[in-house]
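upload.tsv follows (TSV, C-alpha atoms):
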```tsv
chain	number	residue	atom	x	y	z
A	224	MET	CA	-53.02	77.88	49.49
A	225	ARG	CA	-51.20	80.32	47.19
A	226	THR	CA	-50.49	80.51	43.49
A	227	ALA	CA	-47.66	81.73	41.30
A	228	LYS	CA	-48.34	82.57	37.65
A	229	GLY	CA	-46.23	82.38	34.53
A	230	GLN	CA	-48.44	83.11	31.49
A	231	ARG	CA	-48.01	83.93	27.80
A	232	ALA	CA	-50.39	85.46	25.30
A	233	THR	CA	-51.24	83.58	22.05
A	234	GLY	CA	-53.61	85.70	19.95
A	235	LEU	CA	-56.69	86.22	22.01
A	236	ARG	CA	-55.97	83.22	24.23
A	237	ILE	CA	-54.05	83.52	27.47
A	238	CYS	CA	-52.49	80.33	28.77
A	239	GLY	CA	-49.75	79.48	31.20
A	240	ILE	CA	-48.60	77.41	34.15
A	241	ARG	CA	-49.78	78.17	37.64
A	242	THR	CA	-48.18	76.64	40.73
A	243	VAL	CA	-50.48	76.08	43.65
A	244	TRP	CA	-48.59	75.91	46.95
A	245	ASP	CA	-49.69	74.21	50.18
A	246	THR	CA	-48.01	74.86	53.53
A	247	VAL	CA	-46.98	71.61	55.20
A	248	GLY	CA	-44.75	72.93	58.00
A	249	ASP	CA	-42.98	75.92	59.48
A	250	GLY	CA	-40.19	76.89	61.82
A	251	GLU	CA	-37.09	79.03	62.11
A	252	PHE	CA	-34.01	78.79	59.87
A	253	PHE	CA	-30.98	80.72	58.71
A	254	CYS	CA	-32.11	82.44	55.50
A	255	PRO	CA	-29.31	82.63	52.88
A	256	GLY	CA	-31.12	85.54	51.23
A	257	CYS	CA	-31.61	87.67	54.33
A	258	GLY	CA	-28.39	86.54	55.96
A	259	GLY	CA	-29.96	85.94	59.35
A	260	ASP	CA	-32.44	83.91	61.37
A	261	ARG	CA	-35.96	84.06	59.94
A	262	ASN	CA	-39.22	82.16	60.07
A	263	TYR	CA	-39.95	79.83	57.17
A	264	GLN	CA	-42.78	77.84	55.63
A	265	ARG	CA	-42.22	74.44	54.06
A	266	LEU	CA	-44.25	74.22	50.86
A	267	THR	CA	-45.28	71.53	48.40
A	268	GLY	CA	-46.92	72.46	45.13
A	269	ARG	CA	-48.71	71.36	41.97
A	270	HIS	CA	-48.19	72.77	38.50
A	271	ARG	CA	-51.48	73.39	36.63
A	272	LEU	CA	-51.97	74.37	32.98
A	273	THR	CA	-54.36	77.33	32.85
A	274	VAL	CA	-56.37	78.89	30.05
A	275	LEU	CA	-57.95	82.28	30.68
A	276	GLY	CA	-57.03	81.82	34.30
A	277	LEU	CA	-58.87	78.53	34.67
A	278	PRO	CA	-56.81	75.49	35.80
A	279	LEU	CA	-57.35	72.64	33.33
A	280	LEU	CA	-54.55	70.07	33.45
A	281	ASN	CA	-52.23	68.81	36.13
A	282	ARG	CA	-48.63	69.35	34.98
A	283	GLY	CA	-46.84	67.59	37.85
A	284	SER	CA	-45.68	68.37	41.33
A	285	ALA	CA	-43.38	71.12	42.60
A	286	GLY	CA	-41.14	71.28	45.59
A	287	PRO	CA	-40.91	70.70	48.41
A	288	VAL	CA	-39.26	74.06	49.00
A	289	VAL	CA	-38.56	76.32	51.95
A	290	GLU	CA	-39.95	79.85	51.71
A	291	CYS	CA	-38.59	82.66	53.88
A	292	VAL	CA	-41.48	84.53	55.47
A	293	ALA	CA	-39.49	87.78	55.32
A	294	CYS	CA	-38.04	87.89	51.79
A	295	ARG	CA	-40.36	85.27	50.19
A	296	ALA	CA	-37.43	83.61	48.42
A	297	HIS	CA	-37.55	79.85	47.87
A	298	PHE	CA	-34.70	77.51	48.84
A	299	ALA	CA	-34.00	73.78	48.71
A	300	THR	CA	-34.99	71.87	51.83
A	301	ASP	CA	-31.36	71.10	52.68
A	302	THR	CA	-31.11	74.77	53.72
A	303	LEU	CA	-32.70	73.60	56.97
A	304	ASP	CA	-29.57	71.55	57.72
A	305	ARG	CA	-27.71	74.75	58.57
A	306	PRO	CA	-28.26	75.76	62.20
A	307	THR	CA	-29.69	79.12	63.05
A	308	THR	CA	-27.33	81.72	64.46
A	309	THR	CA	-28.76	81.13	67.92
A	310	ARG	CA	-28.38	77.36	67.64
A	311	PHE	CA	-24.87	77.63	66.19
A	312	SER	CA	-23.73	79.80	69.11
A	313	ALA	CA	-25.11	77.25	71.56
A	314	MET	CA	-23.38	74.40	69.72
A	315	LEU	CA	-20.05	76.25	69.86
A	316	ARG	CA	-20.38	76.98	73.57
A	317	GLU	CA	-21.19	73.34	74.26
A	318	ALA	CA	-18.22	72.21	72.16
A	319	VAL	CA	-15.72	74.38	74.06
A	320	HIS	CA	-17.19	73.28	77.40
A	321	THR	CA	-16.98	69.59	76.51
A	322	VAL	CA	-13.42	69.85	75.19
A	323	THR	CA	-12.47	71.66	78.40
A	324	LEU	CA	-13.91	68.91	80.58
A	325	ALA	CA	-12.18	66.21	78.53
A	326	VAL	CA	-8.77	67.88	78.82
A	327	LEU	CA	-9.23	68.49	82.54
A	328	ALA	CA	-10.26	64.87	83.07
A	329	ALA	CA	-7.15	63.70	81.24
A	330	GLY	CA	-4.71	66.11	82.88
A	331	GLY	CA	-6.17	66.40	86.35
A	332	THR	CA	-7.61	69.33	88.28
A	333	THR	CA	-4.96	69.81	90.97
A	334	SER	CA	-3.37	72.84	89.30
A	335	ARG	CA	-5.08	76.17	90.02
A	336	THR	CA	-3.43	77.64	86.92
A	337	VAL	CA	-5.08	74.99	84.77
A	338	LEU	CA	-8.49	75.61	86.33
A	339	GLU	CA	-8.13	79.38	85.92
A	340	THR	CA	-7.21	78.95	82.25
A	341	ALA	CA	-10.05	76.50	81.68
A	342	ALA	CA	-12.69	78.69	83.34
A	343	GLY	CA	-11.52	81.73	81.39
A	344	ILE	CA	-11.73	79.87	78.06
A	345	VAL	CA	-15.24	78.62	78.80
A	346	ARG	CA	-16.39	82.12	79.82
A	347	ASP	CA	-14.89	83.58	76.64
A	348	ALA	CA	-16.95	81.06	74.67
A	349	GLY	CA	-20.13	82.54	76.14
A	350	LEU	CA	-20.79	80.65	79.39
A	351	ASP	CA	-20.35	83.72	81.55
A	352	ASP	CA	-21.20	82.05	84.85
A	353	CYS	CA	-18.60	79.26	84.58
A	354	THR	CA	-16.30	79.01	87.61
A	355	GLN	CA	-13.27	76.96	88.54
A	356	GLU	CA	-15.31	75.26	91.25
A	357	GLN	CA	-17.99	74.20	88.77
A	358	LEU	CA	-15.45	72.64	86.40
A	359	PHE	CA	-13.69	70.89	89.27
A	360	THR	CA	-16.96	69.43	90.56
A	361	ILE	CA	-18.08	68.17	87.15
A	362	VAL	CA	-14.75	66.46	86.46
A	363	GLU	CA	-14.77	64.86	89.91
A	364	VAL	CA	-18.29	63.52	89.33
A	365	LEU	CA	-17.24	62.06	85.98
A	366	ALA	CA	-13.99	60.65	87.32
A	367	ALA	CA	-15.59	57.31	88.21
A	368	ASP	CA	-16.44	56.71	84.55
A	369	THR	CA	-12.94	55.71	83.41
A	370	GLY	CA	-13.64	52.29	81.98
A	371	PRO	CA	-12.48	51.44	78.47
A	372	GLY	CA	-16.03	51.34	77.16
A	373	GLY	CA	-15.49	48.29	74.98
A	374	THR	CA	-13.35	49.31	72.04
A	375	ALA	CA	-13.07	52.97	72.92
A	376	GLY	CA	-9.29	52.78	73.38
A	377	PRO	CA	-6.76	54.59	75.58
A	378	ALA	CA	-7.94	58.10	74.75
A	379	ALA	CA	-11.42	57.26	75.97
A	380	GLU	CA	-9.96	55.86	79.17
A	381	ALA	CA	-7.96	59.06	79.65
A	382	CYS	CA	-10.96	61.39	79.64
A	383	GLY	CA	-13.62	58.93	80.75
A	384	ALA	CA	-15.92	56.83	78.58
A	385	ALA	CA	-18.86	59.20	79.00
A	386	LEU	CA	-16.83	62.25	77.94
A	387	ALA	CA	-15.32	60.38	74.99
A	388	ILE	CA	-18.80	59.64	73.68
A	389	GLU	CA	-19.99	63.17	74.35
A	390	LEU	CA	-16.99	64.65	72.51
A	391	HIS	CA	-18.02	62.91	69.32
A	392	GLU	CA	-21.72	63.65	69.79
A	393	VAL	CA	-21.01	67.37	70.30
A	394	LEU	CA	-18.15	68.00	67.86
A	395	LYS	CA	-19.17	65.97	64.82
A	396	PRO	CA	-22.45	67.86	64.14
A	397	LEU	CA	-20.63	71.18	64.61
A	398	ALA	CA	-17.60	70.49	62.40
A	399	PRO	CA	-19.33	70.81	58.97
A	400	HIS	CA	-20.54	74.31	59.89
A	401	LEU	CA	-17.13	75.61	60.98
A	402	ALA	CA	-14.39	76.82	58.66
A	403	VAL	CA	-11.01	75.16	59.11
A	404	ALA	CA	-9.80	78.08	61.22
A	405	GLY	CA	-12.81	77.69	63.50
A	406	ARG	CA	-12.21	73.97	64.00
A	407	GLU	CA	-8.56	74.63	64.70
A	408	GLY	CA	-9.56	77.29	67.21
A	409	VAL	CA	-11.63	74.80	69.22
A	410	LEU	CA	-8.69	72.38	69.30
A	411	LEU	CA	-6.23	75.10	70.32
A	412	ARG	CA	-8.44	76.14	73.23
A	413	GLY	CA	-8.05	72.63	74.56
A	414	ALA	CA	-4.30	72.79	73.95
A	415	ARG	CA	-4.02	76.01	75.98
A	416	ILE	CA	-5.62	74.30	78.95
A	417	ALA	CA	-3.36	71.27	78.67
A	418	LEU	CA	-0.24	73.45	78.44
A	419	ALA	CA	-1.17	75.74	81.34
A	420	ASP	CA	0.83	73.62	83.79
A	421	GLY	CA	3.61	72.46	81.45
A	422	PRO	CA	4.08	70.10	78.47
A	423	TYR	CA	1.31	67.74	77.36
A	424	SER	CA	0.97	64.53	79.26
A	425	GLN	CA	0.43	61.40	77.17
A	426	ALA	CA	-3.23	61.33	78.24
A	427	GLU	CA	-3.78	64.97	77.26
A	428	ARG	CA	-2.17	64.44	73.86
A	429	GLU	CA	-4.38	61.42	73.19
A	430	VAL	CA	-7.51	63.34	74.13
A	431	LEU	CA	-6.57	66.33	71.98
A	432	THR	CA	-5.84	64.00	69.06
A	433	MET	CA	-9.32	62.56	69.50
A	434	VAL	CA	-10.73	66.11	69.53
A	435	GLY	CA	-8.97	66.85	66.24
A	436	GLY	CA	-10.45	63.74	64.66
A	437	ALA	CA	-13.97	64.59	65.81
A	438	LEU	CA	-13.50	68.08	64.31
A	439	GLN	CA	-12.57	66.50	60.96
A	440	LEU	CA	-8.96	67.69	61.07
A	441	CYS	CA	-6.47	65.30	59.51
A	442	PRO	CA	-4.04	63.67	61.98
A	443	ALA	CA	-1.00	65.44	60.50
A	444	ASP	CA	-2.65	68.86	60.86
A	445	THR	CA	-3.71	68.07	64.42
A	446	ALA	CA	-0.19	67.01	65.38
A	447	GLU	CA	1.29	70.14	63.78
A	448	LEU	CA	-1.16	72.43	65.58
A	449	LEU	CA	-0.46	70.81	68.94
A	450	ALA	CA	3.30	71.08	68.38
A	451	ALA	CA	3.03	74.74	67.36
A	452	ALA	CA	0.95	75.53	70.44
A	453	ALA	CA	3.57	73.90	72.64
A	454	ARG	CA	6.29	76.06	71.10
A	455	THR	CA	4.32	79.28	71.57
A	456	PRO	CA	5.13	81.15	74.80
A	457	SER	CA	2.10	81.40	77.08
```
Starting from the file, lay out its structure as structure tokens.
Amino acid sequence: MRTAKGQRATGLRICGIRTVWDTVGDGEFFCPGCGGDRNYQRLTGRHRLTVLGLPLLNRGSAGPVVECVACRAHFATDTLDRPTTTRFSAMLREAVHTVTLAVLAAGGTTSRTVLETAAGIVRDAGLDDCTQEQLFTIVEVLAADTGPGGTAGPAAEACGAALAIELHEVLKPLAPHLAVAGREGVLLRGARIALADGPYSQAEREVLTMVGGALQLCPADTAELLAAAARTPS
């Protein structure tokens, strides 16, 4: 339990408001004040009217707030919604890997050029041990899951129902934490893989359109990005 004082002097009397804080949780977060990953304490408090340092009256509750253990600054609890740097990096790696698998499942894995491009993109995203053989094996294992999945639609059939679900589960939580350029970059990585063996197939275009939607890019912007990538020499 800790206190924070804000007092004023009135003649010989000293009165003020003291906040008594209780720790109700802790963890790691991205501190906006420090600009990096730090430990935090989640606090709830009570305001107390004090006279000569003695707490007399309850003046209501305070918080909850998040206090950085390093800089001691207080932040709103929605600060915890932002992933830590470590978590964000893992989310981005997973996003690139999942998009890669979806595009490969839609376009096939018979082209060595496509597999080389795909493995290189995944390694550049931080999965250093990714190989062409690993990607090929995963896509082959998922190939049996090509049912429509109810109302999933043709794009889901193109990359497999399981991958269609995973695309949304992986990309939607990431999208709010990426700038527009970052979201476009994830989409364009998928486009590079699809274009490695020639123009988009219909299945690849449908999957990439679904990727753009999951990344919260408007359909017109997604279509323009895919067209621009197709016009760019490899």
Which polymer residues have any atom within 12 Å of an atom of Pro255 of chain A, counting all atoms listed in the file, with same-chain residues fewer than 4 positions away left out, as number ranges by chain? A: 259-261, 263, 289-291, 293-299, 301-303, 305-308
For the residues in the current selection, export C-alpha atoms as a compact mmCIF listing (two decimals), keeping the file's coordinate frame.
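This went into out13.txt:
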```
# COMPACT_ATOMS: atom_id res chain seq x y z
CA GLY A 259 -29.96 85.94 59.35
CA ASP A 260 -32.44 83.91 61.37
CA ARG A 261 -35.96 84.06 59.94
CA TYR A 263 -39.95 79.83 57.17
CA VAL A 289 -38.56 76.32 51.95
CA GLU A 290 -39.95 79.85 51.71
CA CYS A 291 -38.59 82.66 53.88
CA ALA A 293 -39.49 87.78 55.32
CA CYS A 294 -38.04 87.89 51.79
CA ARG A 295 -40.36 85.27 50.19
CA ALA A 296 -37.43 83.61 48.42
CA HIS A 297 -37.55 79.85 47.87
CA PHE A 298 -34.70 77.51 48.84
CA ALA A 299 -34.00 73.78 48.71
CA ASP A 301 -31.36 71.10 52.68
CA THR A 302 -31.11 74.77 53.72
CA LEU A 303 -32.70 73.60 56.97
CA ARG A 305 -27.71 74.75 58.57
CA PRO A 306 -28.26 75.76 62.20
CA THR A 307 -29.69 79.12 63.05
CA THR A 308 -27.33 81.72 64.46
```
State, in Å with one decimal place, the distance from atom CA of Arg415 of chain A to atom CA of Leu394 of chain A.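 Answer for the atom CA of Arg415 of chain A to atom CA of Leu394 of chain A separation: 18.2 Å.
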Using atom CA of Ala443 of chain A and atom CA of Glu429 of chain A as the two end points, give the distance in Å to one decimal.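 According to the coordinates, atom CA of Ala443 of chain A and atom CA of Glu429 of chain A are separated by 13.7 Å.
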Please determine, counting all atoms listed in the file, which residue among A:Leu324, A:Pro442, A:Thr333, A:Ala342 has the shortest atom-to-atom distance to Val364 of chain A.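 Ranked by minimum distance to Val364 of chain A, first place goes to A:Leu324.
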Out of A:Ala451, A:Met433, A:Val247, A:Ala402, which residue has the shortest atom-to-atom distance to Leu418 of chain A when counting only C-alpha atoms?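 Comparing A:Ala451, A:Met433, A:Val247, A:Ala402 against Leu418 of chain A, the winner is A:Ala451.
If all atoms listed in the file are the atoms counted, then among A:Val362, A:Ala325, A:Leu338, A:Val292 the closest residue to Phe253 of chain A is A:Val292.
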Neighbour list for segment 345-348 of chain A as a ChimeraX atom specification, cut-off 12 Å, all atoms listed in the file, skip fewer than 5 positions in-chain: /A:312-324,338-340,353-355,357-358,408-409,412-413,415-416
Rounded to one decimal in Å, what is the spacing between atom CA of Ala450 of chain A and atom CA of Phe359 of chain A?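 Here the two named atoms are 26.9 Å from each other.
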Ala398 of chain A proximity check over A:Pro287, A:Gly330, A:Gly436, A:Pro456, using all atoms listed in the file: winner is A:Gly436
Quick one: everything within 7 Å of Gly268 of chain A, counting all atoms listed in the file, minus sequence neighbours fewer than 5 positions away in the same chain. Send it as a PyMOL selection string. chain A and resi 242-245+284-286
Nearest to Ala452 of chain A, restricted to all atoms listed in the file and choosing among A:Leu350, A:Leu266, A:Ile361, A:Ala414, comes out as A:Ala414
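Nearest to Ala384 of chain A of all the residues A:Val403, A:Ala366, A:Leu272, A:Pro396 is A:Ala366, based on all atoms listed in the file.
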